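Undergrad: Structure below; questions to follow.
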Amino acid sequence: MTSVLYDAPGPRAKRRNVLFSVLFFVLLALLLWWIWQTLDDKGQLEWALWKPFTTSEAWTTYLLPGLADTLKAAALSMVIALPLGAVLGIARMSDHRWVRIPAGAVVEFFRAIPVLLLMLFANEFYVRSTGIPSDERPLYAVVTGLVLYNASVLAEIVRAGILSLPKGQSEAAMAIGLRKSQTMSSILLPQAVTAMLPAIVSQLVVIVKDTALGGVMLGFTELLNTRSTLAANYANVVPSFIVVAVIFIVLNFILTSFASWLERRLRRSKRSTGAVLGADKVDDVNAAEVGGSYGTGAGGSI
Amino acid sequence: MFDFLSDYDDPTLLGAFWVTVQLTVLSAIGSLIWGTLLAAMRVSPVPLMRGFGTAYVNIVRNIPLTVIIVFTSLGLANIFGVTMGAPDDFEAKAFRLAVLGLVAYTAAFVCEAIRSGINTVPVGQAEAARAIGLSFSQILRLIVLPQAFRSVIGPLANVLIALTKNTTVAAAIGVAEAALLMKEMIENEAQTVLIGAIFAFGFVVLTLPTGLFLGWLSKRLAVKR
């Protein structure tokens, strides 16, 4: 295997690689053995602690309702944040300074603040200013926090999607006499939506992960929260963490794989303009390039 | 208007943000080291190391940071007895465990950023370098790494900014940083909006200059191809 870092191995390099393999294997085995021993000492490997997960009770009482709440909050946030993000993203590319600057300020502001702060603030705001019943309040607070943050991230995705289209597209639209709004709605947006699909799917992973914040800080009954009730019931701390982590990993891995499959498929298809926005490309957009004077701000949607 | 701030002296507002900064800096250093090691494993010629690196990144990236941080407290500390050298001091233990969790999580993203930087260097560069007779260490030192580092400043800046915001998750295990103080303040005081604005401003102050500076740096140093 040739790469930029090393050439095809010769006999000495092959021997060295084998040596490294053996050393690394020993280290890894020692680590796993230590984990296994400690778990065994603390009695976390006993079958009684794992048995609940083979019965339907643990799933129907704790895990599945928790997962349902996680997915509900994630889906709601996505559905509300998408149109909001599209509006903000388009507003940020406006020719009018009085539209562009406020939209840019809103996007940069909400991207710079941690989601947890937004959730805590929303929760307290609902307590003081609205009559939302206390058992529904955590869901409202979590969704509000996620919407505010992700709408501004999605705004950047929309902007990047539109900027990634070839210039000829909007020039041709102007040449045949379309107005600015027509160019946007019938030429640019449809293509941009295709281009940014992979990035949108990857953003879902971030949303699913962030719902867990509501579980610890606001008492939202999502998966991590129901895990603690489950563990309190069966005294199986480590097993419950492992099961919950596996659920999150599987769920998010499916989303990540779907996003990259979508990206490959869109790149291949002959009908597209060739503009595709991967998950990692979003933060590369810079405000300076489109005439704004804001910084790259608080990027990083991890 | 700001009178209530004097009621909070452990930690004070600045003290809480100082803890946030400490969490960020320590986790940044740790995750840069661990992330670079992971990236080295992922591009190494040894299949077992590559497998471990890939597995680590894919698993850790898909677990919510909150789950990891809560696990460091309930799992690592209580079950495995990992106390990071502070078994009795609750505050120090929570702080160090939070750093551990943040490092474990952020390193996966650092690894991906560095790996993508190495991938941006065309193989032709190394082939040309070999053709003029440079040794392996010379190729690495003079040709590959300089180009790789310059192209990862942007992605690494994003990881660093996300890390700054992610330190708030440490509030979940009781580290007295900005988010925990904000939670306490808005529950006790009437000025919800003012308090929200103060903390939002604090994070804007922390993240915006970093983003601007590193964004400018990555533009300046970018390898034009």
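Ligands are numbered from 1 in the order shown, chains are lettered A, B, ... in the order of the structure tokens, and residues start at 1 in each chain.
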If we count only C-alpha atoms, what is near Asp7 of chain B at a cut-off of 12 Å, once residues fewer than 2 positions away on the same chain are taken out, given as an mmCIF file with N, CA and C atoms, in the first residue's frame?
TA:
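Dumped to around06.cif:
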data_model
loop_
_atom_site.group_PDB
_atom_site.id
_atom_site.type_symbol
_atom_site.label_atom_id
_atom_site.label_comp_id
_atom_site.auth_asym_id
_atom_site.auth_seq_id
_atom_site.Cartn_x
_atom_site.Cartn_y
_atom_site.Cartn_z
ATOM 1 N N PHE B 2 -26.882 45.120 38.333
ATOM 2 C CA PHE B 2 -25.979 43.970 38.449
ATOM 3 C C PHE B 2 -25.692 43.609 39.908
ATOM 4 N N ASP B 3 -26.538 44.158 40.831
ATOM 5 C CA ASP B 3 -26.283 43.957 42.263
ATOM 6 C C ASP B 3 -26.187 42.479 42.644
ATOM 7 N N PHE B 4 -27.067 41.677 42.043
ATOM 8 C CA PHE B 4 -27.155 40.273 42.465
ATOM 9 C C PHE B 4 -25.844 39.522 42.290
ATOM 10 N N LEU B 5 -24.965 40.040 41.403
ATOM 11 C CA LEU B 5 -23.704 39.329 41.146
ATOM 12 C C LEU B 5 -22.872 39.194 42.414
ATOM 13 N N ASP B 9 -20.315 34.288 45.483
ATOM 14 C CA ASP B 9 -18.866 34.400 45.638
ATOM 15 C C ASP B 9 -18.145 33.064 45.551
ATOM 16 N N ASP B 10 -18.881 31.941 45.439
ATOM 17 C CA ASP B 10 -18.177 30.664 45.255
ATOM 18 C C ASP B 10 -18.926 29.791 44.261
ATOM 19 N N PRO B 11 -18.603 29.820 42.996
ATOM 20 C CA PRO B 11 -17.629 30.700 42.367
ATOM 21 C C PRO B 11 -18.257 32.036 41.996
ATOM 22 N N THR B 12 -17.419 33.039 41.773
ATOM 23 C CA THR B 12 -17.920 34.289 41.229
ATOM 24 C C THR B 12 -18.129 34.107 39.733
ATOM 25 N N LEU B 13 -18.720 35.118 39.089
ATOM 26 C CA LEU B 13 -18.949 35.030 37.648
ATOM 27 C C LEU B 13 -17.635 34.801 36.902
ATOM 28 N N LEU B 181 -23.244 27.786 36.983
ATOM 29 C CA LEU B 181 -23.528 29.041 37.678
ATOM 30 C C LEU B 181 -24.748 29.729 37.067
ATOM 31 N N GLU B 184 -27.859 28.072 38.316
ATOM 32 C CA GLU B 184 -28.148 28.496 39.681
ATOM 33 C C GLU B 184 -28.711 29.917 39.702
ATOM 34 N N MET B 185 -28.068 30.804 38.923
ATOM 35 C CA MET B 185 -28.487 32.214 38.944
ATOM 36 C C MET B 185 -29.902 32.395 38.404
ATOM 37 N N ASN B 188 -32.578 31.440 40.820
ATOM 38 C CA ASN B 188 -32.752 32.232 42.039
ATOM 39 C C ASN B 188 -33.110 33.687 41.802
ATOM 40 N N GLU B 189 -32.685 34.228 40.665
ATOM 41 C CA GLU B 189 -32.884 35.669 40.452
ATOM 42 C C GLU B 189 -34.031 35.918 39.496
#
Undergrad: Can you pull out every residue within 10 Å of Ser44 of chain B, counting only C-alpha atoms, but drop anything in the same chain fewer than 4 positions away, and send it as a VMD selection string?
TA: (chain A and resid 3 5 to 6 17) or (chain B and resid 38 to 40 48 to 50 53)
Undergrad: Write the residues of the preceding selection, restricted to C-alpha atoms, as a PDB file, in the first residue's frame.
TA:
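Saved file again16.pdb follows:
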ATOM      1  CA  SER A   3       0.477   6.496   0.497  1.00  0.00           C
ATOM      2  CA  LEU A   5       3.511   8.828   4.153  1.00  0.00           C
ATOM      3  CA  TYR A   6       5.159   5.548   3.225  1.00  0.00           C
ATOM      4  CA  ASN A  17       5.362  -3.734  11.056  1.00  0.00           C
TER       5      ASN A  17
ATOM      6  CA  LEU B  38      -4.974   8.368  16.942  1.00  0.00           C
ATOM      7  CA  ALA B  39      -4.377   9.998  13.561  1.00  0.00           C
ATOM      8  CA  ALA B  40      -0.902   8.452  13.449  1.00  0.00           C
ATOM      9  CA  LEU B  48      -4.224  -3.594  13.835  1.00  0.00           C
ATOM     10  CA  MET B  49      -3.485   0.040  14.728  1.00  0.00           C
ATOM     11  CA  ARG B  50      -5.508   1.288  11.766  1.00  0.00           C
ATOM     12  CA  GLY B  53      -8.076   4.017  15.308  1.00  0.00           C
TER      13      GLY B  53
END
Undergrad: For chain B against chain A, with a cut-off of 6 Å and counting only C-alpha atoms, what is the closest atom pair and its distance in Å to one decimal for every residue that makes the cut, ordered by chain and number, as a Markdown table?
TA:
| residue | atom | partner | partner_atom | distance |
| --- | --- | --- | --- | --- |
| B:Val46 | CA | A:Asn17 | CA | 5.7 |
| B:Asn62 | CA | A:Ile249 | CA | 4.9 |
| B:Ile63 | CA | A:Ile249 | CA | 5.7 |
| B:Pro64 | CA | A:Lys209 | CA | 4.5 |
| B:Val123 | CA | A:Val4 | CA | 4.6 |
| B:Ala126 | CA | A:Val4 | CA | 5.4 |
| B:Asn158 | CA | A:Gly300 | CA | 4.3 |
| B:Val159 | CA | A:Gly300 | CA | 5.6 |
| B:Ala162 | CA | A:Gly300 | CA | 5.2 |
| B:Lys165 | CA | A:Pro114 | CA | 4.7 |
| B:Ala200 | CA | A:Ile113 | CA | 5.9 |
| B:Phe203 | CA | A:Ile113 | CA | 5.9 |
| B:Val204 | CA | A:Ala112 | CA | 5.5 |
| B:Leu208 | CA | A:Gly297 | CA | 5.3 |
| B:Gly211 | CA | A:Gly297 | CA | 5.1 |
| B:Leu212 | CA | A:Gly295 | CA | 5.2 |
Undergrad: Would you work out the distance separating atom CA of Gln191 of chain A from atom CA of Thr120 of chain B, expressed in Å to one decimal?
TA: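 Atom CA of Gln191 of chain A sits 27.2 Å away from atom CA of Thr120 of chain B.
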Undergrad: Just checking: using only C-alpha atoms, which residue out of B:Ala86, B:Ile153, B:Leu65, B:Ala16 ends up closest to Ser218 of chain B?
TA: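 Closest residue, counting only C-alpha atoms: B:Ile153.
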Undergrad: May I have all residues of segment 116-275 of chain A that DSSP, computed from the backbone, assigns to helix (DSSP H, G or I), given as a PyMOL selection string?
TA: chain A and resi 116-129+137-163+167-175+180-217+223-234+237-268
Undergrad: Need the shell around Ser77 of chain A: protein/DNA/RNA residues with any atom at most 8 Å away, counting only C-alpha atoms. Skip same-chain ones fewer than 5 positions apart. Format as a PDB file with all heavy atoms, in the first residue's frame?
TA:
ATOM      1  N   VAL A 143     -36.327  21.405  22.800  1.00  0.00           N
ATOM      2  CA  VAL A 143     -36.570  21.702  21.389  1.00  0.00           C
ATOM      3  C   VAL A 143     -36.222  23.151  21.075  1.00  0.00           C
ATOM      4  O   VAL A 143     -35.588  23.434  20.048  1.00  0.00           O
ATOM      5  CB  VAL A 143     -38.033  21.373  21.003  1.00  0.00           C
ATOM      6  CG1 VAL A 143     -38.336  21.878  19.608  1.00  0.00           C
ATOM      7  CG2 VAL A 143     -38.273  19.883  21.079  1.00  0.00           C
ATOM      8  N   THR A 144     -36.576  24.073  21.972  1.00  0.00           N
ATOM      9  CA  THR A 144     -36.242  25.483  21.730  1.00  0.00           C
ATOM     10  C   THR A 144     -34.738  25.664  21.597  1.00  0.00           C
ATOM     11  O   THR A 144     -34.261  26.296  20.645  1.00  0.00           O
ATOM     12  CB  THR A 144     -36.750  26.369  22.880  1.00  0.00           C
ATOM     13  OG1 THR A 144     -38.123  26.073  23.108  1.00  0.00           O
ATOM     14  CG2 THR A 144     -36.602  27.835  22.538  1.00  0.00           C
ATOM     15  N   LEU A 146     -32.430  23.449  20.866  1.00  0.00           N
ATOM     16  CA  LEU A 146     -31.910  22.796  19.660  1.00  0.00           C
ATOM     17  C   LEU A 146     -32.294  23.573  18.408  1.00  0.00           C
ATOM     18  O   LEU A 146     -31.495  23.694  17.480  1.00  0.00           O
ATOM     19  CB  LEU A 146     -32.439  21.362  19.574  1.00  0.00           C
ATOM     20  CG  LEU A 146     -31.839  20.374  20.561  1.00  0.00           C
ATOM     21  CD1 LEU A 146     -32.535  19.029  20.466  1.00  0.00           C
ATOM     22  CD2 LEU A 146     -30.358  20.204  20.282  1.00  0.00           C
ATOM     23  N   VAL A 147     -33.517  24.115  18.370  1.00  0.00           N
ATOM     24  CA  VAL A 147     -33.964  24.848  17.183  1.00  0.00           C
ATOM     25  C   VAL A 147     -33.117  26.102  16.988  1.00  0.00           C
ATOM     26  O   VAL A 147     -32.611  26.352  15.896  1.00  0.00           O
ATOM     27  CB  VAL A 147     -35.461  25.213  17.284  1.00  0.00           C
ATOM     28  CG1 VAL A 147     -35.802  26.323  16.297  1.00  0.00           C
ATOM     29  CG2 VAL A 147     -36.323  24.001  17.018  1.00  0.00           C
ATOM     30  N   ASN A 150     -29.555  24.945  15.944  1.00  0.00           N
ATOM     31  CA  ASN A 150     -29.446  24.257  14.661  1.00  0.00           C
ATOM     32  C   ASN A 150     -30.000  25.056  13.496  1.00  0.00           C
ATOM     33  O   ASN A 150     -29.561  24.881  12.370  1.00  0.00           O
ATOM     34  CB  ASN A 150     -30.104  22.885  14.743  1.00  0.00           C
ATOM     35  CG  ASN A 150     -29.279  21.931  15.576  1.00  0.00           C
ATOM     36  OD1 ASN A 150     -28.217  21.536  15.165  1.00  0.00           O
ATOM     37  ND2 ASN A 150     -29.741  21.642  16.776  1.00  0.00           N
ATOM     38  N   ILE A 207     -27.986  16.667  16.498  1.00  0.00           N
ATOM     39  CA  ILE A 207     -29.221  16.936  17.254  1.00  0.00           C
ATOM     40  C   ILE A 207     -29.544  15.765  18.175  1.00  0.00           C
ATOM     41  O   ILE A 207     -29.853  15.959  19.349  1.00  0.00           O
ATOM     42  CB  ILE A 207     -30.389  17.215  16.284  1.00  0.00           C
ATOM     43  CG1 ILE A 207     -30.096  18.451  15.444  1.00  0.00           C
ATOM     44  CG2 ILE A 207     -31.677  17.414  17.056  1.00  0.00           C
ATOM     45  CD1 ILE A 207     -31.199  18.846  14.508  1.00  0.00           C
TER      46      ILE A 207
END
